[in-house]
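See below for the structure under consideration.
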Amino acid sequence: MNDLGSAFSMAIGLIATADPAVAQIVLLSLRVSLTAVAVAALVGLPLGALLAVARFPGRGGVIVVLNALMGLPPVVAGLLIYLLLSRSGPLGSFGLLFTPTAMVIAQAVLIAPILAALTRGVLEGLWEEYAEQLRSFGAGPWRAVPTLLWDGRFLLLTVLLAGFGRAAAEVGAVMVVGGNIEGFTRVMTTAIALETSKGDLPLALALGMVLMAIVVTVNALAQGFRDAAARWAG
Amino acid sequence: MPGTLRRTLLAAALAAAAVLPAAAQERFITVSSTTSTEQSGLFGHILPIFARETGIAVRVIALGTGQALDVGRRGDADVVFVHDRAAEERFVAEGFGGPRRHVMFNDFVITGPAADPARIAGLRDTNEALRRIAVARSPFISRGDRSGTHAAELRLWRMAGVDPVQGRGQWYREVGQGMGPALNTAAAQGAYVLTDRGTWLSFRNRQDQRLLVEGDARLLNQYGVMLVNPRRHPHVKAADGQRFIDWILSPAGQAAIESYRINGEQLFFSNATQPEPVS
């Protein structure tokens with residue numbers, strides 16, 4: 001109980017004083033995870049929309065694989081990227097291992113299937129409503145994809161937030177490919193893991209509370225943006 | 001509308017490109033090392049001194065010794081700084097790096113629950129302590145992760161003439177994790193554990209764990225440093241890596257190590273200028 005209390009007051013202290021070391025870790029977490037969401041969205045959203053509208057042989061199989069990949073353990077995604085980016089791996093010459101870029105790649109690989117699978121689920125409903133109308137304009141599936149993505153943009157915001165949540169919360173992948181280097185690749189989750197292994201449980205928990213506060217803030221901002229945009233669009 | 005969408009996607013892509021690291025121009029080397037040097041705070045103390053003197057930043061990847069050597073084998077670090085002499089000599093013999101230079105030492109200690117069911121408190125003889133733990137079948141946490149501490153622990157069991165594997169899954173518990181998690185587990189389970197003194201001193205979640213056995217010459221914990229072989233991995237920053245090795249073996253580096261203390265207690269003892277002790 002005492003530990004929980006001191007963790008809570010420590011968390012408030014860390015936020016109130018904007019502790020520079022913690023602030024740097026927070027900013028890197030945001031930078032890595034938001035970039036990963038943006039990169040994953042470029043692949044995941046169109047793929048999900050295409051699966052919602054297109055009918056082709058093997059589509060069921062693709063959907064099963066995508067849904068299964070939502071459960072990809074972060075450490076497995078991390079190991080895969082590690083072996084690709086290692087100096088002894090096929091992409092080693094780029095020297096990306098143990099950099100924030102490697103962490104973005106690992107998180108993007110992790111959440112792209114989530115974005116695609118959720119996008120498909122969300123847009124399939126929309127497609128059922130619109131299919132007739134779009135077809136009457138002579139729009140094939142390829143033309144329908146951008147229209148669907150645009151019309152479903154408010155629904156897709158929730159999908160992006162789900163991806164961001166997963167990215168910001170995972171520790172296995174960024175630990176393996178980032179190396180948890182102080183001042184360079186240390187993010188909130190790896191800092192929490194480090195303090196836990198040093199036995200400083202109140203500090204670890206306080207950092208966890210700071211992380212939750214950030215995720216709540218990002219979600220609240222997105223929600224506010226969505227509401228404002230929806231009002232503006234009428 | 002799709003035009004707007006395309007613009008939105010383009011903007012997102014540009015934003016993504018903008019926040020990607022602006023290719024850090026900083027001069028740095030990567031050192032793969034052990035959790036004991038990183039988590040005890042030693043690197044936090046000495047690396048800023050090195051950076052001030054040379055303008056070279058050091059990025060530390062902290063892993064168990066076995067993993068840290070593997071990172072060197074793959075060419076993903078410039079320097080390896082670890083503590084398992086046998087594994088280090090294998091690394092050098094395989095041509096992955098070297099020559100190996102000894103840098104500093106501290107010692108291992110055995111900690112355990114205050115109740116001390118195997119009655120080892122105050123013993124100096126680790127052989128006797130480990131035999132008592134095995135006979136009492138008292139819970140013992142092993143790192144089980146190919147780290148330097150794990151290798152030392154297995155060596156100590158061998159010297160004590162005990163094969164702990166017979167107690168595997170019962171009193172001998174291999175957690176396969178770092179020193180900190182192993183200490184957390186020992187504290188939670190009231191178990192004995194072998195730990196380096198530095199991690200023990202900086203460890204916060206002790207609960208009723210106590211330092212019970214120390215001072216045996218067999219508990220020596222020697223650290224060594226090696227440059228990863230630039231002929232094997234041409235991108236290795238040989239000049240700056242060697243600069244780090246030269247510095248840490250120099251009087252300035254050795255003094256920096258000596259001056260690191262936690263609560264007034266010195267954690268690491270530099271010995272680069274003396275012959276390497278045999279454990």
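Chain labels follow the order of the structure tokens: the first chain is A, the next B, and so on; residue numbering restarts at 1 in every chain, and ligands are counted from 1 in their shown order.
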**Request:** Can you check which residues of chain A have any atom within 7 Å of chain B? Use only C-alpha atoms and format it as a count of residues only.
**Result:** 19
**Message:** Write out as JSON, numbers by chain the set of residues from stretch 56-225 of chain B that DSSP, computed on the backbone, places in helix (DSSP H, G or I).
**Reply:** {"B": [65, 66, 67, 68, 69, 70, 71, 72, 73, 85, 86, 87, 88, 89, 90, 91, 92, 93, 126, 127, 128, 129, 130, 131, 132, 133, 134, 135, 136, 148, 149, 150, 151, 152, 153, 154, 155, 156, 157, 158, 159, 160, 164, 165, 166, 167, 179, 180, 181, 182, 183, 184, 185, 186, 187, 188, 189, 197, 198, 199, 200, 201, 202, 217, 218, 219]}
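For stretch 115-190 of chain B, the set of residues given strand (DSSP E or B) by DSSP on the backbone reads Phe140, Ile141, Ser142, Arg168, Tyr172, Arg173 and Glu174 of chain B.
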Would you list the contacts of stretch 68-76 of chain A as a PDB file with N, CA and C atoms, in the first residue's frame, taking every protein, DNA or RNA residue within 7 Å and counting only C-alpha atoms, but skipping same-chain residues closer than 6 positions in sequence?
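Final output, saved to part_37.pdb:
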ATOM      1  N   LEU A 110       4.465  -4.521 -36.208  1.00  0.00           N
ATOM      2  CA  LEU A 110       3.574  -5.068 -35.192  1.00  0.00           C
ATOM      3  C   LEU A 110       2.138  -4.582 -35.375  1.00  0.00           C
ATOM      4  N   PRO A 113      -0.775  -5.095 -39.225  1.00  0.00           N
ATOM      5  CA  PRO A 113      -1.865  -6.072 -39.334  1.00  0.00           C
ATOM      6  C   PRO A 113      -3.092  -5.680 -38.498  1.00  0.00           C
ATOM      7  N   ILE A 114      -2.845  -5.047 -37.350  1.00  0.00           N
ATOM      8  CA  ILE A 114      -3.967  -4.628 -36.501  1.00  0.00           C
ATOM      9  C   ILE A 114      -4.776  -3.561 -37.226  1.00  0.00           C
ATOM     10  N   GLU A 170       3.852  -1.586 -25.958  1.00  0.00           N
ATOM     11  CA  GLU A 170       4.678  -2.791 -26.081  1.00  0.00           C
ATOM     12  C   GLU A 170       6.109  -2.513 -25.635  1.00  0.00           C
ATOM     13  N   GLY A 172       8.521  -5.537 -25.679  1.00  0.00           N
ATOM     14  CA  GLY A 172       9.377  -6.612 -26.190  1.00  0.00           C
ATOM     15  C   GLY A 172      10.137  -6.232 -27.443  1.00  0.00           C
ATOM     16  N   ALA A 173       9.448  -5.591 -28.408  1.00  0.00           N
ATOM     17  CA  ALA A 173      10.088  -5.301 -29.693  1.00  0.00           C
ATOM     18  C   ALA A 173      11.108  -4.176 -29.555  1.00  0.00           C
TER      19      ALA A 173
END
**Prompt:** Neighbours of B:Ser138 within 10 Å (only C-alpha atoms; same-chain residues fewer than 5 positions away dropped), as a ChimeraX atom specification?
**Reply:** /B:112,116-118,132-133,167,170-172,190-192
Write out, as an mmCIF file, in the first residue's frame, the residues just selected, with C-alpha atoms.
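What ended up in out10.cif:
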data_model
loop_
_atom_site.group_PDB
_atom_site.id
_atom_site.type_symbol
_atom_site.label_atom_id
_atom_site.label_comp_id
_atom_site.auth_asym_id
_atom_site.auth_seq_id
_atom_site.Cartn_x
_atom_site.Cartn_y
_atom_site.Cartn_z
ATOM 1 C CA GLY B 112 19.322 -15.117 0.988
ATOM 2 C CA ASP B 116 18.531 -18.541 6.509
ATOM 3 C CA PRO B 117 17.093 -22.101 6.497
ATOM 4 C CA ALA B 118 20.384 -23.595 5.184
ATOM 5 C CA ARG B 132 24.410 -26.760 2.775
ATOM 6 C CA ILE B 133 21.869 -25.155 0.422
ATOM 7 C CA GLY B 167 16.973 -30.086 -7.984
ATOM 8 C CA GLN B 170 12.107 -27.958 -7.265
ATOM 9 C CA TRP B 171 14.600 -26.062 -5.128
ATOM 10 C CA TYR B 172 16.931 -25.070 -8.009
ATOM 11 C CA GLY B 190 12.671 -16.326 0.155
ATOM 12 C CA ALA B 191 15.406 -17.965 -1.925
ATOM 13 C CA TYR B 192 19.205 -17.827 -2.047
#
Contact check, stretch 151-265 of chain B to stretch 85-97 of chain B, at most 9 Å, counting only C-alpha atoms, closest pairs as a tab-separated table:
residue	atom	partner	partner_atom	distance
B:Ala151	CA	B:Ala87	CA	8.8
B:Gln222	CA	B:Arg85	CA	7.5
B:Tyr223	CA	B:Arg85	CA	7.8
B:Gly224	CA	B:Arg85	CA	7.3
B:Val225	CA	B:Glu88	CA	8.7
B:Met226	CA	B:Gly97	CA	6.2
B:Leu227	CA	B:Gly97	CA	5.5
B:Val228	CA	B:Gly97	CA	4.2
B:Asn229	CA	B:Gly97	CA	4.1
B:Pro230	CA	B:Gly97	CA	7.9
B:Arg232	CA	B:Phe96	CA	6.9
B:His233	CA	B:Phe96	CA	8.7
Selection file, N, CA and C atoms, as a PDB file, in the first residue's frame:
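Once everything was written out, this is again.pdb:
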ATOM      1  N   ALA B 151      27.572 -18.146 -15.460  1.00  0.00           N
ATOM      2  CA  ALA B 151      28.758 -18.985 -15.661  1.00  0.00           C
ATOM      3  C   ALA B 151      29.522 -19.148 -14.346  1.00  0.00           C
ATOM      4  N   GLN B 222      35.926 -10.822 -12.412  1.00  0.00           N
ATOM      5  CA  GLN B 222      36.852 -10.046 -13.234  1.00  0.00           C
ATOM      6  C   GLN B 222      36.185  -9.583 -14.527  1.00  0.00           C
ATOM      7  N   TYR B 223      36.376  -8.316 -14.871  1.00  0.00           N
ATOM      8  CA  TYR B 223      35.829  -7.772 -16.118  1.00  0.00           C
ATOM      9  C   TYR B 223      36.933  -7.612 -17.154  1.00  0.00           C
ATOM     10  N   GLY B 224      36.574  -7.889 -18.417  1.00  0.00           N
ATOM     11  CA  GLY B 224      37.532  -7.745 -19.505  1.00  0.00           C
ATOM     12  C   GLY B 224      36.919  -6.932 -20.639  1.00  0.00           C
ATOM     13  N   VAL B 225      37.798  -6.346 -21.480  1.00  0.00           N
ATOM     14  CA  VAL B 225      37.319  -5.512 -22.582  1.00  0.00           C
ATOM     15  C   VAL B 225      38.021  -5.933 -23.869  1.00  0.00           C
ATOM     16  N   MET B 226      37.280  -5.898 -24.968  1.00  0.00           N
ATOM     17  CA  MET B 226      37.813  -6.306 -26.267  1.00  0.00           C
ATOM     18  C   MET B 226      37.233  -5.444 -27.372  1.00  0.00           C
ATOM     19  N   LEU B 227      38.072  -5.146 -28.386  1.00  0.00           N
ATOM     20  CA  LEU B 227      37.576  -4.489 -29.598  1.00  0.00           C
ATOM     21  C   LEU B 227      37.036  -5.573 -30.532  1.00  0.00           C
ATOM     22  N   VAL B 228      35.881  -5.326 -31.129  1.00  0.00           N
ATOM     23  CA  VAL B 228      35.360  -6.265 -32.126  1.00  0.00           C
ATOM     24  C   VAL B 228      36.256  -6.185 -33.357  1.00  0.00           C
ATOM     25  N   ASN B 229      36.566  -7.343 -33.935  1.00  0.00           N
ATOM     26  CA  ASN B 229      37.549  -7.440 -35.016  1.00  0.00           C
ATOM     27  C   ASN B 229      37.105  -6.671 -36.267  1.00  0.00           C
ATOM     28  N   PRO B 230      37.806  -5.580 -36.602  1.00  0.00           N
ATOM     29  CA  PRO B 230      37.383  -4.791 -37.770  1.00  0.00           C
ATOM     30  C   PRO B 230      37.650  -5.499 -39.096  1.00  0.00           C
ATOM     31  N   ARG B 232      36.847  -8.572 -39.538  1.00  0.00           N
ATOM     32  CA  ARG B 232      35.654  -9.411 -39.682  1.00  0.00           C
ATOM     33  C   ARG B 232      34.430  -8.554 -40.003  1.00  0.00           C
ATOM     34  N   HIS B 233      34.360  -7.406 -39.350  1.00  0.00           N
ATOM     35  CA  HIS B 233      33.229  -6.482 -39.545  1.00  0.00           C
ATOM     36  C   HIS B 233      33.795  -5.102 -39.878  1.00  0.00           C
TER      37      HIS B 233
END
**Asked** Of the candidates B:Thr54, B:Ser270, B:Thr195, B:Ser259, which one gets nearest to B:Ile110 if we count only C-alpha atoms?
**Response**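 Under the stated criterion, the closest residue is B:Thr195.
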**Prompt:** What is the distance between atom CA of B:Glu265 and atom CA of B:Gly41, in Å to one decimal?
**Reply:**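 Separating atom CA of B:Glu265 from atom CA of B:Gly41 is a distance of 12.9 Å.
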**Message:** Need to verify the contact set: A:Leu221, 12 Å, only C-alpha atoms, exclusion of same-chain residues closer than 6 positions in sequence. Can you return it as number ranges by chain?
**Reply:** A: 157, 161, 214-215, 227-228
Output N, CA and C atoms for every residue in the selection just made, as a short mmCIF file (atom, residue, chain, number, x, y, z; two decimals), in the first residue's frame.
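That gives us again.cif:
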data_model
loop_
_atom_site.label_atom_id
_atom_site.label_comp_id
_atom_site.auth_asym_id
_atom_site.auth_seq_id
_atom_site.Cartn_x
_atom_site.Cartn_y
_atom_site.Cartn_z
N LEU A 157 -10.37 6.76 -37.08
CA LEU A 157 -9.59 7.39 -36.02
C LEU A 157 -9.47 6.44 -34.83
N LEU A 161 -6.12 4.89 -33.11
CA LEU A 161 -5.85 4.98 -31.67
C LEU A 161 -5.55 3.60 -31.09
N ILE A 214 -0.15 9.97 -20.58
CA ILE A 214 0.12 10.40 -21.96
C ILE A 214 -0.86 9.76 -22.92
N VAL A 215 -1.08 8.44 -22.74
CA VAL A 215 -1.99 7.74 -23.65
C VAL A 215 -3.40 8.31 -23.52
N ASP A 227 -14.59 15.20 -32.73
CA ASP A 227 -15.87 15.87 -32.48
C ASP A 227 -15.92 17.21 -33.21
N ALA A 228 -14.82 17.96 -33.11
CA ALA A 228 -14.79 19.28 -33.77
C ALA A 228 -14.94 19.12 -35.27
#
